[in-house]
>>> print(open('my_file.cif').read())   # mmCIF, C-alpha atoms
data_protein
#
loop_
_atom_site.label_atom_id
_atom_site.label_comp_id
_atom_site.auth_asym_id
_atom_site.auth_seq_id
_atom_site.Cartn_x
_atom_site.Cartn_y
_atom_site.Cartn_z
CA MET A 13 -22.39 12.03 0.00
CA THR A 14 -21.23 8.81 1.58
CA LEU A 15 -17.56 9.78 1.30
CA ALA A 16 -16.06 12.78 3.06
CA LEU A 17 -13.43 13.19 0.35
CA ASP A 18 -14.72 15.64 -2.25
CA PRO A 19 -15.45 14.31 -5.76
CA THR A 20 -12.62 16.29 -7.38
CA ALA A 21 -10.10 14.63 -5.07
CA GLN A 22 -11.74 11.22 -5.66
CA ASP A 23 -11.29 11.76 -9.39
CA LEU A 24 -7.69 12.94 -9.05
CA LEU A 25 -6.59 10.00 -6.90
CA PHE A 26 -8.81 7.16 -8.06
CA ARG A 27 -11.61 7.62 -10.59
CA GLU A 28 -9.89 9.58 -13.36
CA ALA A 29 -6.37 8.41 -12.58
CA HIS A 30 -4.82 5.63 -14.63
CA THR A 31 -1.48 3.90 -14.87
CA ALA A 32 0.45 5.76 -17.59
CA HIS A 33 2.39 3.93 -20.28
CA THR A 34 3.73 7.00 -22.11
CA PHE A 35 4.89 10.37 -20.79
CA THR A 36 5.59 13.87 -22.08
CA ASP A 37 9.10 15.23 -21.57
CA GLU A 38 7.96 17.81 -19.02
CA PRO A 39 10.38 17.40 -16.11
CA VAL A 40 9.28 16.32 -12.64
CA SER A 41 10.89 18.76 -10.22
CA GLU A 42 12.65 18.01 -6.98
CA GLU A 43 10.12 20.32 -5.32
CA GLN A 44 7.28 18.10 -6.53
CA MET A 45 8.92 14.95 -5.22
CA ARG A 46 9.55 16.60 -1.87
CA ALA A 47 5.89 17.55 -1.66
CA VAL A 48 4.85 13.98 -2.48
CA TYR A 49 7.20 12.57 0.13
CA ASP A 50 6.18 15.09 2.80
CA LEU A 51 2.59 14.01 2.31
CA ILE A 52 2.93 10.26 2.17
CA LYS A 53 5.49 9.97 4.96
CA LEU A 54 2.60 10.72 7.36
CA ALA A 55 0.57 7.60 6.54
CA PRO A 56 0.90 4.73 9.00
CA THR A 57 3.43 1.90 9.31
CA ALA A 58 3.83 -0.60 12.14
CA PHE A 59 5.66 1.03 15.04
CA ASN A 60 6.32 3.96 12.68
CA GLN A 61 9.12 1.90 11.16
CA SER A 62 8.93 3.87 7.88
CA PRO A 63 11.04 1.36 5.93
CA LEU A 64 10.34 2.71 2.42
CA ARG A 65 13.35 4.11 0.58
CA ILE A 66 13.01 5.94 -2.71
CA THR A 67 15.79 6.14 -5.27
CA LEU A 68 15.09 8.77 -7.93
CA LEU A 69 16.90 8.11 -11.17
CA ARG A 70 17.38 11.64 -12.48
CA SER A 71 20.58 11.33 -14.47
CA ARG A 72 20.79 9.63 -17.83
CA ALA A 73 23.64 7.54 -16.49
CA ALA A 74 21.52 6.20 -13.60
CA ARG A 75 18.64 5.39 -15.94
CA GLU A 76 20.96 3.52 -18.29
CA ARG A 77 21.98 1.24 -15.41
CA LEU A 78 18.34 0.29 -14.90
CA LEU A 79 17.13 -0.26 -18.46
CA PRO A 80 18.77 -3.64 -19.14
CA LEU A 81 17.26 -4.92 -15.88
CA MET A 82 13.69 -4.07 -16.92
CA SER A 83 11.60 -6.65 -18.73
CA GLN A 84 11.37 -6.10 -22.49
CA GLY A 85 7.85 -4.66 -22.30
CA ASN A 86 8.82 -2.09 -19.67
CA ARG A 87 12.06 -0.90 -21.25
CA ASP A 88 10.89 1.74 -23.72
CA LYS A 89 8.56 3.54 -21.35
CA THR A 90 11.14 3.48 -18.59
CA GLY A 91 13.68 4.96 -20.97
CA SER A 92 11.37 7.81 -21.97
CA ALA A 93 9.68 8.76 -18.67
CA PRO A 94 10.93 12.06 -17.25
CA LEU A 95 11.59 10.42 -13.89
CA THR A 96 11.84 6.85 -12.63
CA ALA A 97 11.77 5.87 -8.96
CA LEU A 98 12.98 2.65 -7.37
CA LEU A 99 10.89 1.87 -4.30
CA SER A 100 12.70 -0.37 -1.86
CA ALA A 101 12.55 -1.66 1.70
CA ASP A 102 15.41 -0.86 4.03
CA VAL A 103 16.35 -4.10 5.80
CA ASP A 104 18.05 -1.99 8.47
CA PHE A 105 15.13 0.32 9.15
CA HIS A 106 15.57 -0.45 12.85
CA GLU A 107 18.67 1.75 12.95
CA LYS A 108 16.38 4.77 12.66
CA LEU A 109 13.84 3.65 15.30
CA PRO A 110 15.39 5.65 18.14
CA LYS A 111 14.37 8.76 16.14
CA LEU A 112 11.12 7.36 14.79
CA LEU A 113 9.73 5.85 17.98
CA PRO A 114 11.50 7.35 20.99
CA ALA A 115 8.86 5.97 23.37
CA LEU A 116 9.91 2.37 22.73
CA PRO A 117 13.71 2.37 22.84
CA GLY A 118 13.84 -1.39 23.24
CA LEU A 119 12.46 -2.27 19.80
CA LYS A 120 15.67 -1.75 17.87
CA ASP A 121 17.62 -4.37 19.79
CA GLY A 122 14.57 -6.39 20.80
CA MET A 123 11.94 -7.56 18.34
CA TYR A 124 13.81 -6.08 15.39
CA ALA A 125 17.26 -7.40 16.24
CA GLU A 126 16.46 -10.44 14.10
CA GLU A 127 17.14 -9.77 10.42
CA SER A 128 14.49 -12.21 9.15
CA VAL A 129 11.85 -10.35 11.20
CA ARG A 130 12.98 -7.04 9.71
CA GLU A 131 12.99 -8.44 6.19
CA ARG A 132 9.42 -9.65 6.49
CA SER A 133 8.01 -6.73 8.44
CA GLY A 134 10.04 -4.10 6.58
CA SER A 135 8.96 -5.41 3.18
CA PHE A 136 5.33 -5.49 4.25
CA ASN A 137 5.33 -1.97 5.66
CA ALA A 138 7.35 -0.54 2.78
CA THR A 139 4.78 -2.06 0.42
CA LEU A 140 1.98 -0.30 2.30
CA GLN A 141 4.02 2.87 1.82
CA ALA A 142 4.44 2.07 -1.88
CA GLY A 143 0.63 2.15 -2.10
CA TYR A 144 0.63 5.56 -0.39
CA PHE A 145 3.38 6.71 -2.76
CA LEU A 146 1.42 5.84 -5.90
CA LEU A 147 -1.52 7.88 -4.62
CA GLY A 148 0.90 10.64 -3.56
CA VAL A 149 2.23 10.91 -7.10
CA ARG A 150 -1.35 11.34 -8.27
CA ALA A 151 -1.90 13.93 -5.53
CA ALA A 152 0.83 15.97 -7.24
CA GLY A 153 -1.19 15.89 -10.47
CA LEU A 154 1.27 13.48 -12.01
CA ALA A 155 0.73 10.06 -13.50
CA ALA A 156 2.45 6.98 -12.08
CA GLY A 157 3.42 3.88 -14.00
CA PRO A 158 4.21 1.16 -11.45
CA MET A 159 6.00 -1.91 -12.78
CA SER A 160 6.83 -5.30 -11.29
CA GLY A 161 8.49 -6.66 -14.42
CA PHE A 162 12.22 -6.36 -13.76
CA ASP A 163 15.15 -8.40 -12.51
CA ALA A 164 14.85 -7.68 -8.79
CA GLU A 165 18.06 -9.42 -7.84
CA GLY A 166 19.85 -7.51 -10.57
CA VAL A 167 18.42 -4.17 -9.41
CA ASN A 168 19.41 -4.90 -5.82
CA LYS A 169 22.93 -5.73 -6.89
CA GLU A 170 23.29 -2.78 -9.27
CA PHE A 171 21.79 -0.10 -7.01
CA PHE A 172 22.04 -1.49 -3.47
CA GLY A 173 25.24 -3.43 -3.66
CA ASP A 174 25.50 -3.93 0.09
CA GLY A 175 22.26 -5.91 0.24
CA ARG A 176 20.62 -3.62 2.79
CA GLN A 177 17.78 -2.59 0.50
CA LYS A 178 15.36 -4.80 -1.43
CA VAL A 179 13.59 -3.32 -4.42
CA LEU A 180 9.79 -3.67 -4.42
CA LEU A 181 8.53 -1.69 -7.37
CA VAL A 182 9.82 0.53 -10.16
CA VAL A 183 7.63 3.56 -10.92
CA ASN A 184 7.72 5.88 -13.90
CA ILE A 185 6.49 9.37 -13.05
CA GLY A 186 5.46 12.28 -15.25
CA ARG A 187 2.68 13.86 -17.28
CA PRO A 188 0.82 11.35 -19.43
CA GLY A 189 1.85 11.43 -23.11
CA PRO A 190 -0.05 10.38 -26.25
CA ASP A 191 -2.10 7.20 -25.81
CA ALA A 192 -0.84 6.99 -22.25
CA PHE A 193 -3.76 5.03 -20.86
CA ARG A 194 -5.21 1.64 -21.61
CA PRO A 195 -8.95 1.14 -21.20
CA ARG A 196 -9.88 0.46 -17.57
CA ASN A 197 -10.28 -3.24 -16.91
CA PRO A 198 -13.18 -4.55 -14.83
CA ARG A 199 -12.80 -4.68 -11.08
CA LEU A 200 -14.26 -7.23 -8.68
CA ASP A 201 -17.73 -6.46 -7.40
CA TYR A 202 -18.12 -5.75 -3.72
CA ALA A 203 -19.57 -9.20 -3.09
CA GLU A 204 -16.63 -10.85 -4.84
CA ALA A 205 -14.01 -9.11 -2.71
CA VAL A 206 -15.83 -8.52 0.57
CA THR A 207 -17.28 -11.05 3.00
CA VAL A 208 -19.47 -9.89 5.87
CA LEU A 209 -19.55 -12.08 8.98
CA MET B 9 0.64 24.98 -4.67
CA THR B 10 3.03 22.16 -5.51
CA LEU B 11 0.35 19.50 -5.03
CA ALA B 12 -2.79 19.29 -7.14
CA LEU B 13 -4.73 17.71 -4.27
CA ASP B 14 -6.51 20.45 -2.34
CA PRO B 15 -5.38 21.12 1.24
CA THR B 16 -8.66 19.93 2.78
CA ALA B 17 -8.21 16.52 1.12
CA GLN B 18 -4.53 16.47 2.14
CA ASP B 19 -5.62 17.02 5.73
CA LEU B 20 -8.37 14.40 5.58
CA LEU B 21 -6.14 11.68 4.15
CA PHE B 22 -2.72 12.48 5.58
CA ARG B 23 -2.02 15.59 7.64
CA GLU B 24 -4.86 15.53 10.17
CA ALA B 25 -5.50 11.78 10.01
CA HIS B 26 -4.07 9.54 12.72
CA THR B 27 -4.26 5.90 13.63
CA ALA B 28 -7.11 5.59 16.15
CA HIS B 29 -6.79 3.56 19.34
CA THR B 30 -10.31 4.19 20.70
CA PHE B 31 -13.64 4.52 18.92
CA THR B 32 -17.15 5.79 19.59
CA ASP B 33 -19.99 3.32 19.21
CA GLU B 34 -21.38 5.03 16.11
CA PRO B 35 -21.88 2.20 13.62
CA VAL B 36 -20.05 2.00 10.31
CA SER B 37 -22.66 1.31 7.68
CA GLU B 38 -22.53 -1.17 4.85
CA GLU B 39 -23.11 1.78 2.51
CA GLN B 40 -19.92 3.42 3.81
CA MET B 41 -17.87 0.28 3.28
CA ARG B 42 -19.23 -0.12 -0.23
CA ALA B 43 -18.24 3.46 -1.02
CA VAL B 44 -14.72 2.84 0.34
CA TYR B 45 -14.39 -0.34 -1.68
CA ASP B 46 -15.76 1.22 -4.88
CA LEU B 47 -13.10 3.92 -4.58
CA ILE B 48 -10.05 1.87 -3.71
CA LYS B 49 -10.76 -0.99 -6.10
CA LEU B 50 -9.73 1.41 -8.89
CA ALA B 51 -6.12 1.86 -7.74
CA PRO B 52 -3.53 -0.24 -9.57
CA THR B 53 -2.31 -3.80 -9.07
CA ALA B 54 -0.03 -5.86 -11.32
CA PHE B 55 -2.03 -7.21 -14.26
CA ASN B 56 -5.12 -5.97 -12.42
CA GLN B 57 -4.91 -9.06 -10.26
CA SER B 58 -6.86 -7.36 -7.43
CA PRO B 59 -5.96 -10.01 -4.84
CA LEU B 60 -7.16 -8.11 -1.73
CA ARG B 61 -10.04 -9.71 0.13
CA ILE B 62 -11.83 -7.94 2.95
CA THR B 63 -13.65 -9.77 5.73
CA LEU B 64 -15.86 -7.44 7.75
CA LEU B 65 -16.55 -8.71 11.25
CA ARG B 66 -19.97 -7.23 11.91
CA SER B 67 -21.51 -9.76 14.26
CA ARG B 68 -20.53 -10.10 17.88
CA ALA B 69 -19.96 -13.80 17.28
CA ALA B 70 -17.46 -13.15 14.49
CA ARG B 71 -15.60 -10.60 16.61
CA GLU B 72 -15.38 -13.05 19.49
CA ARG B 73 -13.61 -15.53 17.23
CA LEU B 74 -10.93 -12.92 16.50
CA LEU B 75 -10.24 -11.48 19.95
CA PRO B 76 -8.22 -14.36 21.42
CA LEU B 77 -6.01 -14.26 18.32
CA MET B 78 -5.10 -10.59 18.78
CA SER B 79 -2.05 -9.67 20.81
CA GLN B 80 -2.81 -8.50 24.34
CA GLY B 81 -2.30 -4.82 23.52
CA ASN B 82 -4.70 -4.94 20.56
CA ARG B 83 -7.51 -6.88 22.24
CA ASP B 84 -9.48 -4.18 24.03
CA LYS B 85 -9.63 -1.75 21.14
CA THR B 86 -10.53 -4.53 18.72
CA GLY B 87 -13.33 -5.59 21.05
CA SER B 88 -14.75 -2.06 21.23
CA ALA B 89 -14.38 -0.78 17.66
CA PRO B 90 -17.69 -0.56 15.79
CA LEU B 91 -16.21 -2.53 12.88
CA THR B 92 -13.12 -4.66 12.35
CA ALA B 93 -11.84 -5.75 8.94
CA LEU B 94 -9.48 -8.59 8.13
CA LEU B 95 -7.44 -7.73 5.05
CA SER B 96 -6.13 -10.78 3.28
CA ALA B 97 -4.57 -11.93 0.03
CA ASP B 98 -6.41 -14.48 -2.10
CA VAL B 99 -3.88 -17.12 -3.11
CA ASP B 100 -6.26 -18.11 -5.92
CA PHE B 101 -6.73 -14.62 -7.34
CA HIS B 102 -5.88 -16.05 -10.76
CA GLU B 103 -9.29 -17.72 -10.94
CA LYS B 104 -10.80 -14.26 -11.47
CA LEU B 105 -8.29 -13.09 -14.09
CA PRO B 106 -10.48 -14.01 -17.07
CA LYS B 107 -12.87 -11.32 -15.82
CA LEU B 108 -10.20 -8.90 -14.59
CA LEU B 109 -7.86 -9.01 -17.57
CA PRO B 110 -9.70 -10.40 -20.60
CA ALA B 111 -6.95 -9.20 -22.97
CA LEU B 112 -4.43 -11.68 -21.54
CA PRO B 113 -6.30 -14.98 -21.22
CA GLY B 114 -3.06 -16.95 -20.90
CA LEU B 115 -2.02 -15.50 -17.54
CA LYS B 116 -4.26 -17.68 -15.41
CA ASP B 117 -2.75 -20.96 -16.58
CA GLY B 118 0.62 -19.47 -17.53
CA MET B 119 2.65 -17.26 -15.21
CA TYR B 120 0.13 -17.65 -12.38
CA ALA B 121 -0.34 -21.40 -12.59
CA GLU B 122 2.44 -21.74 -10.01
CA GLU B 123 1.13 -21.32 -6.47
CA SER B 124 4.40 -19.95 -5.08
CA VAL B 125 4.32 -17.17 -7.71
CA ARG B 126 0.75 -16.33 -6.74
CA GLU B 127 1.56 -16.33 -3.04
CA ARG B 128 4.40 -13.88 -3.50
CA SER B 129 2.79 -11.65 -6.10
CA GLY B 130 -0.67 -11.82 -4.55
CA SER B 131 0.61 -10.87 -1.10
CA PHE B 132 2.59 -7.97 -2.54
CA ASN B 133 -0.29 -6.58 -4.57
CA ALA B 134 -2.85 -7.12 -1.81
CA THR B 135 -0.51 -5.18 0.50
CA LEU B 136 -0.45 -2.27 -1.97
CA GLN B 137 -4.24 -2.47 -1.87
CA ALA B 138 -4.16 -2.51 1.94
CA GLY B 139 -2.39 0.85 1.72
CA TYR B 140 -5.14 2.14 -0.59
CA PHE B 141 -7.75 0.74 1.80
CA LEU B 142 -6.38 2.61 4.83
CA LEU B 143 -6.55 5.87 2.88
CA GLY B 144 -10.00 4.89 1.59
CA VAL B 145 -11.29 4.52 5.15
CA ARG B 146 -10.03 8.03 5.81
CA ALA B 147 -11.69 9.21 2.60
CA ALA B 148 -14.98 8.13 4.18
CA GLY B 149 -14.27 10.45 7.12
CA LEU B 150 -13.56 7.46 9.35
CA ALA B 151 -10.51 6.60 11.39
CA ALA B 152 -8.55 3.41 10.77
CA GLY B 153 -6.57 1.47 13.33
CA PRO B 154 -4.32 -0.95 11.42
CA MET B 155 -2.72 -3.72 13.49
CA SER B 156 -0.03 -6.30 12.76
CA GLY B 157 -0.03 -7.77 16.25
CA PHE B 158 -2.04 -10.97 15.97
CA ASP B 159 -1.58 -14.69 15.44
CA ALA B 160 -1.65 -14.80 11.65
CA GLU B 161 -1.64 -18.56 11.40
CA GLY B 162 -4.47 -18.72 13.90
CA VAL B 163 -6.51 -16.11 11.99
CA ASN B 164 -5.98 -17.98 8.72
CA LYS B 165 -7.13 -21.20 10.30
CA GLU B 166 -10.10 -19.69 12.10
CA PHE B 167 -11.43 -17.54 9.24
CA PHE B 168 -9.96 -19.07 6.07
CA GLY B 169 -9.88 -22.71 6.97
CA ASP B 170 -9.18 -23.89 3.44
CA GLY B 171 -5.85 -22.05 3.32
CA ARG B 172 -6.73 -20.03 0.21
CA GLN B 173 -6.47 -16.67 1.95
CA LYS B 174 -3.59 -15.26 3.97
CA VAL B 175 -4.32 -12.47 6.43
CA LEU B 176 -2.12 -9.36 6.07
CA LEU B 177 -3.55 -6.78 8.45
CA VAL B 178 -6.41 -6.33 10.89
CA VAL B 179 -8.03 -2.89 10.83
CA ASN B 180 -10.39 -1.33 13.32
CA ILE B 181 -12.71 1.22 11.71
CA GLY B 182 -14.95 3.89 13.21
CA ARG B 183 -15.18 7.41 14.57
CA PRO B 184 -12.34 8.24 16.95
CA GLY B 185 -13.31 8.06 20.62
CA PRO B 186 -11.82 9.79 23.69
CA ASP B 187 -8.00 10.00 23.65
CA ALA B 188 -8.06 8.15 20.33
CA PHE B 189 -4.79 9.50 19.04
CA ARG B 190 -1.22 9.30 20.23
CA PRO B 191 1.11 12.22 19.50
CA ARG B 192 2.55 12.02 15.99
CA ASN B 193 6.01 10.52 15.99
CA PRO B 194 8.80 12.03 13.87
CA ARG B 195 9.15 10.93 10.27
CA LEU B 196 12.33 10.54 8.26
CA ASP B 197 13.52 13.67 6.48
CA TYR B 198 13.49 13.65 2.71
CA ALA B 199 17.24 13.17 2.58
CA GLU B 200 17.03 10.18 4.93
CA ALA B 201 14.47 8.33 2.81
CA VAL B 202 15.21 9.57 -0.71
CA THR B 203 18.38 9.20 -2.77
CA VAL B 204 18.79 11.09 -6.03
CA LEU B 205 21.05 9.53 -8.65
#
>>> encode(input="my_file.cif", output="C-alpha cells")
Amino acid sequence: MTLALDPTAQDLLFREAHTAHTFTDEPVSEEQMRAVYDLIKLAPTAFNQSPLRITLLRSRAARERLLPLMSQGNRDKTGSAPLTALLSADVDFHEKLPKLLPALPGLKDGMYAEESVRERSGSFNATLQAGYFLLGVRAAGLAAGPMSGFDAEGVNKEFFGDGRQKVLLVVNIGRPGPDAFRPRNPRLDYAEAVTVL
Amino acid sequence: MTLALDPTAQDLLFREAHTAHTFTDEPVSEEQMRAVYDLIKLAPTAFNQSPLRITLLRSRAARERLLPLMSQGNRDKTGSAPLTALLSADVDFHEKLPKLLPALPGLKDGMYAEESVRERSGSFNATLQAGYFLLGVRAAGLAAGPMSGFDAEGVNKEFFGDGRQKVLLVVNIGRPGPDAFRPRNPRLDYAEAVTVL
C-alpha cells in the first residue's frame, strides 16, 4: 500500500469517477452542497484568501439565463442536469481577509490593495479551489461535469454585473444518467509529465 | 452521512490535513510520487489536455538552484524539506494531444495552434491539476507545503530555459516535523461563498 488513502476512496474520487455528460433527474440537495463546501473550504489557498465563489443555479429561471451563453455542445446537458454551478473568483476577496487571516492585518491594504494583483492571485487560487470542488462533488457520491466552453464575458455580465467576480468554470452536478461517461482517454506516463533533477 | 467519502478519508485529505512548514528528514520515495501521479492524472482537464508538469528536485544541486529564487520566508523550509516539486504548465501541451485525445485529431493544429490560447487554457487546467496534486500528496499520507512566494520569472529561466513551461506553484513534500502546523484560520461560511439562484 503505497497510498494512505484506502482503495474505495481512491475509486470514488479518481479511479472510478468520470466526467458525466448526462444526468438523472434526482435532485441535488442543499444539504449535499453544504457538505461539499464544508469539506473543500479546508483545502489550502495562498494566505487563506479563499477567493472561490459558487453560484448554484437552482431555479429554472436562473438556468435559462445561462443556457444561451453555453457553447452549442454544452447546452443540452446543462439544460438537463439537476444542478449547475458557476465557479468564479472574487476580485475583491481581500475584503474578507481580516476574518480569514487575522494575524496579518496589513495584507488587505498592502499587497492586495492592487486590483491587478488580486485578479491574478485570486484567479489562480480560486482555480486551485475549483480542483478541490470537483473532487468534493465526487466525495458526495455525485458526478461532476466541468465545462470551459461558454461565453465567459457574457456569463460575467449576466450573473456578476458589477464586474467583481470572474467566472472560471461551469459544472453540472448530479447522478450520472444513461450513457453518461465516455471511454477514459489515455493519460501521460509518469516520465512524460515528471522530471527528476 | 451526507458524503459518500468515508470520514477517515475526509480527515486524511481535508479535515486533519494542514499545510506543513517544517518536515522530518524521512525521504519521499520515487514509488510514492509515482503513486500520487498515477492517482491524480485521472482527474479531469479540458479536452484531457493534461498540461501539468512536475519537476522533482531530488538532488542537493537542484535544490540549491531554487533556494535563492524563493522569497525569504520560504527559503529555510524549502531547504530542509525532503522533497520539493515545481508545478508548471506546459505551453506546448498540444503536442501530446494526438495521444491524449485521439478522437479529436484537429485540436492540436486547430483551436490550440494559437500560443496565447494554450498559455491561458494550459495554465488554467494545470492549476486545476495542481489542486488535485496537493490532495494527492495528502492521499499518500504526506504533508504538502504549497508556496506562491518565489521569483516566477527566475524559476522559469533557471529550470525551463526554453520558455515552454511556466511555473505555477512550488510545493514542499514530506512528513511534518516539529511545530509543522499553524493554527487553522477561519474559512468563509457557506452563505459568504455560495449564492443560490
>>> residues_near_point(input="my_file.cif", point="(3.5, 13.9, -11.7)", cutoff="10 Å", atoms="all atoms listed in the file", output="VMD selection string")
(chain A and resid 35 38 to 41 44 to 45 48 94 to 95 148 to 156 184 to 188) or (chain B and resid 11 to 12)
>>> write_last_selection(input="my_file.cif", atoms="C-alpha atoms", output="tab-separated table (two decimals), in the coordinates of the input")
chain	number	residue	atom	x	y	z
A	35	PHE	CA	4.89	10.37	-20.79
A	38	GLU	CA	7.96	17.81	-19.02
A	39	PRO	CA	10.38	17.40	-16.11
A	40	VAL	CA	9.28	16.32	-12.64
A	41	SER	CA	10.89	18.76	-10.22
A	44	GLN	CA	7.28	18.10	-6.53
A	45	MET	CA	8.92	14.95	-5.22
A	48	VAL	CA	4.85	13.98	-2.48
A	94	PRO	CA	10.93	12.06	-17.25
A	95	LEU	CA	11.59	10.42	-13.89
A	148	GLY	CA	0.90	10.64	-3.56
A	149	VAL	CA	2.23	10.91	-7.10
A	150	ARG	CA	-1.35	11.34	-8.27
A	151	ALA	CA	-1.90	13.93	-5.53
A	152	ALA	CA	0.83	15.97	-7.24
A	153	GLY	CA	-1.19	15.89	-10.47
A	154	LEU	CA	1.27	13.48	-12.01
A	155	ALA	CA	0.73	10.06	-13.50
A	156	ALA	CA	2.45	6.98	-12.08
A	184	ASN	CA	7.72	5.88	-13.90
A	185	ILE	CA	6.49	9.37	-13.05
A	186	GLY	CA	5.46	12.28	-15.25
A	187	ARG	CA	2.68	13.86	-17.28
A	188	PRO	CA	0.82	11.35	-19.43
B	11	LEU	CA	0.35	19.50	-5.03
B	12	ALA	CA	-2.79	19.29	-7.14
>>> atom_distance(input="my_file.cif", atom1="CA of Asp174 in chain A", atom2="CA of Ala199 in chain B")
19.2 Å
>>> resolve_selection(input="my_file.cif", expression="the PyMOL selection byres ((chain A and resi 64) around 10)", output="PDB file with C-alpha atoms, in the coordinates of the input")
ATOM      1  CA  LYS A  53       5.490   9.970   4.960  1.00  0.00           C
ATOM      2  CA  THR A  57       3.430   1.900   9.310  1.00  0.00           C
ATOM      3  CA  GLN A  61       9.120   1.900  11.160  1.00  0.00           C
ATOM      4  CA  SER A  62       8.930   3.870   7.880  1.00  0.00           C
ATOM      5  CA  PRO A  63      11.040   1.360   5.930  1.00  0.00           C
ATOM      6  CA  ARG A  65      13.350   4.110   0.580  1.00  0.00           C
ATOM      7  CA  ILE A  66      13.010   5.940  -2.710  1.00  0.00           C
ATOM      8  CA  LEU A  99      10.890   1.870  -4.300  1.00  0.00           C
ATOM      9  CA  SER A 100      12.700  -0.370  -1.860  1.00  0.00           C
ATOM     10  CA  ALA A 101      12.550  -1.660   1.700  1.00  0.00           C
ATOM     11  CA  ASP A 102      15.410  -0.860   4.030  1.00  0.00           C
ATOM     12  CA  VAL A 103      16.350  -4.100   5.800  1.00  0.00           C
ATOM     13  CA  PHE A 105      15.130   0.320   9.150  1.00  0.00           C
ATOM     14  CA  GLY A 134      10.040  -4.100   6.580  1.00  0.00           C
ATOM     15  CA  SER A 135       8.960  -5.410   3.180  1.00  0.00           C
ATOM     16  CA  PHE A 136       5.330  -5.490   4.250  1.00  0.00           C
ATOM     17  CA  ASN A 137       5.330  -1.970   5.660  1.00  0.00           C
ATOM     18  CA  ALA A 138       7.350  -0.540   2.780  1.00  0.00           C
ATOM     19  CA  THR A 139       4.780  -2.060   0.420  1.00  0.00           C
ATOM     20  CA  LEU A 140       1.980  -0.300   2.300  1.00  0.00           C
ATOM     21  CA  GLN A 141       4.020   2.870   1.820  1.00  0.00           C
ATOM     22  CA  ALA A 142       4.440   2.070  -1.880  1.00  0.00           C
ATOM     23  CA  PHE A 145       3.380   6.710  -2.760  1.00  0.00           C
ATOM     24  CA  GLN A 177      17.780  -2.590   0.500  1.00  0.00           C
ATOM     25  CA  LYS A 178      15.360  -4.800  -1.430  1.00  0.00           C
ATOM     26  CA  VAL A 179      13.590  -3.320  -4.420  1.00  0.00           C
ATOM     27  CA  LEU A 180       9.790  -3.670  -4.420  1.00  0.00           C
TER      28      LEU A 180
ATOM     29  CA  LEU B 196      12.330  10.540   8.260  1.00  0.00           C
ATOM     30  CA  ALA B 201      14.470   8.330   2.810  1.00  0.00           C
ATOM     31  CA  VAL B 202      15.210   9.570  -0.710  1.00  0.00           C
TER      32      VAL B 202
END
>>> resolve_selection(input="my_file.cif", expression="the PyMOL selection byres ((chain B and resi 162-165) around 10)", output="JSON, numbers by chain")
{"B": [73, 74, 75, 76, 77, 78, 94, 96, 158, 159, 160, 161, 166, 167, 168, 169, 170, 171, 172, 173, 174, 175, 176, 178]}
>>> closest_residue(input="my_file.cif", among="A:Leu69, A:Ala93, A:Leu147, A:Val183", to="Thr36 in chain A", atoms="all atoms listed in the file")
A:Ala93
>>> atom_distance(input="my_file.cif", atom1="CA of Ala69 in chain B", atom2="CA of Thr92 in chain B")
12.4 Å
>>> atom_distance(input="my_file.cif", atom1="CA of Lys108 in chain A", atom2="CA of Arg130 in chain A")
12.6 Å
>>> closest_residue(input="my_file.cif", among="B:Gly87, B:Pro154, B:Pro113, B:Gly139", to="chain A", atoms="only C-alpha atoms")
B:Gly139
>>> residues_around(input="my_file.cif", residues="Leu205 in chain B", least_positions_apart="5", cutoff="7 Å", atoms="only C-alpha atoms", output="list in words")
Leu68, Leu69, Arg70, Ser71 and Ala74 of chain A
>>> write_last_selection(input="my_file.cif", atoms="C-alpha atoms", output="PDB file, in the frame of the given file")
ATOM      1  CA  LEU A  68      15.090   8.770  -7.930  1.00  0.00           C
ATOM      2  CA  LEU A  69      16.900   8.110 -11.170  1.00  0.00           C
ATOM      3  CA  ARG A  70      17.380  11.640 -12.480  1.00  0.00           C
ATOM      4  CA  SER A  71      20.580  11.330 -14.470  1.00  0.00           C
ATOM      5  CA  ALA A  74      21.520   6.200 -13.600  1.00  0.00           C
TER       6      ALA A  74
END
>>> residues_around(input="my_file.cif", residues="Lys120 in chain A", least_positions_apart="5", cutoff="9 Å", atoms="all atoms listed in the file", output="list in words")
Phe105, His106, Glu107, Lys108, Leu109, Pro110 and Ala125 of chain A
>>> write_last_selection(input="my_file.cif", atoms="C-alpha atoms", output="PDB file, keeping the file's coordinate frame")
ATOM      1  CA  PHE A 105      15.130   0.320   9.150  1.00  0.00           C
ATOM      2  CA  HIS A 106      15.570  -0.450  12.850  1.00  0.00           C
ATOM      3  CA  GLU A 107      18.670   1.750  12.950  1.00  0.00           C
ATOM      4  CA  LYS A 108      16.380   4.770  12.660  1.00  0.00           C
ATOM      5  CA  LEU A 109      13.840   3.650  15.300  1.00  0.00           C
ATOM      6  CA  PRO A 110      15.390   5.650  18.140  1.00  0.00           C
ATOM      7  CA  ALA A 125      17.260  -7.400  16.240  1.00  0.00           C
TER       8      ALA A 125
END
>>> closest_residue(input="my_file.cif", among="B:Met119, B:Ala51, B:Ala28, B:Ala111", to="chain A", atoms="all atoms listed in the file")
B:Ala51
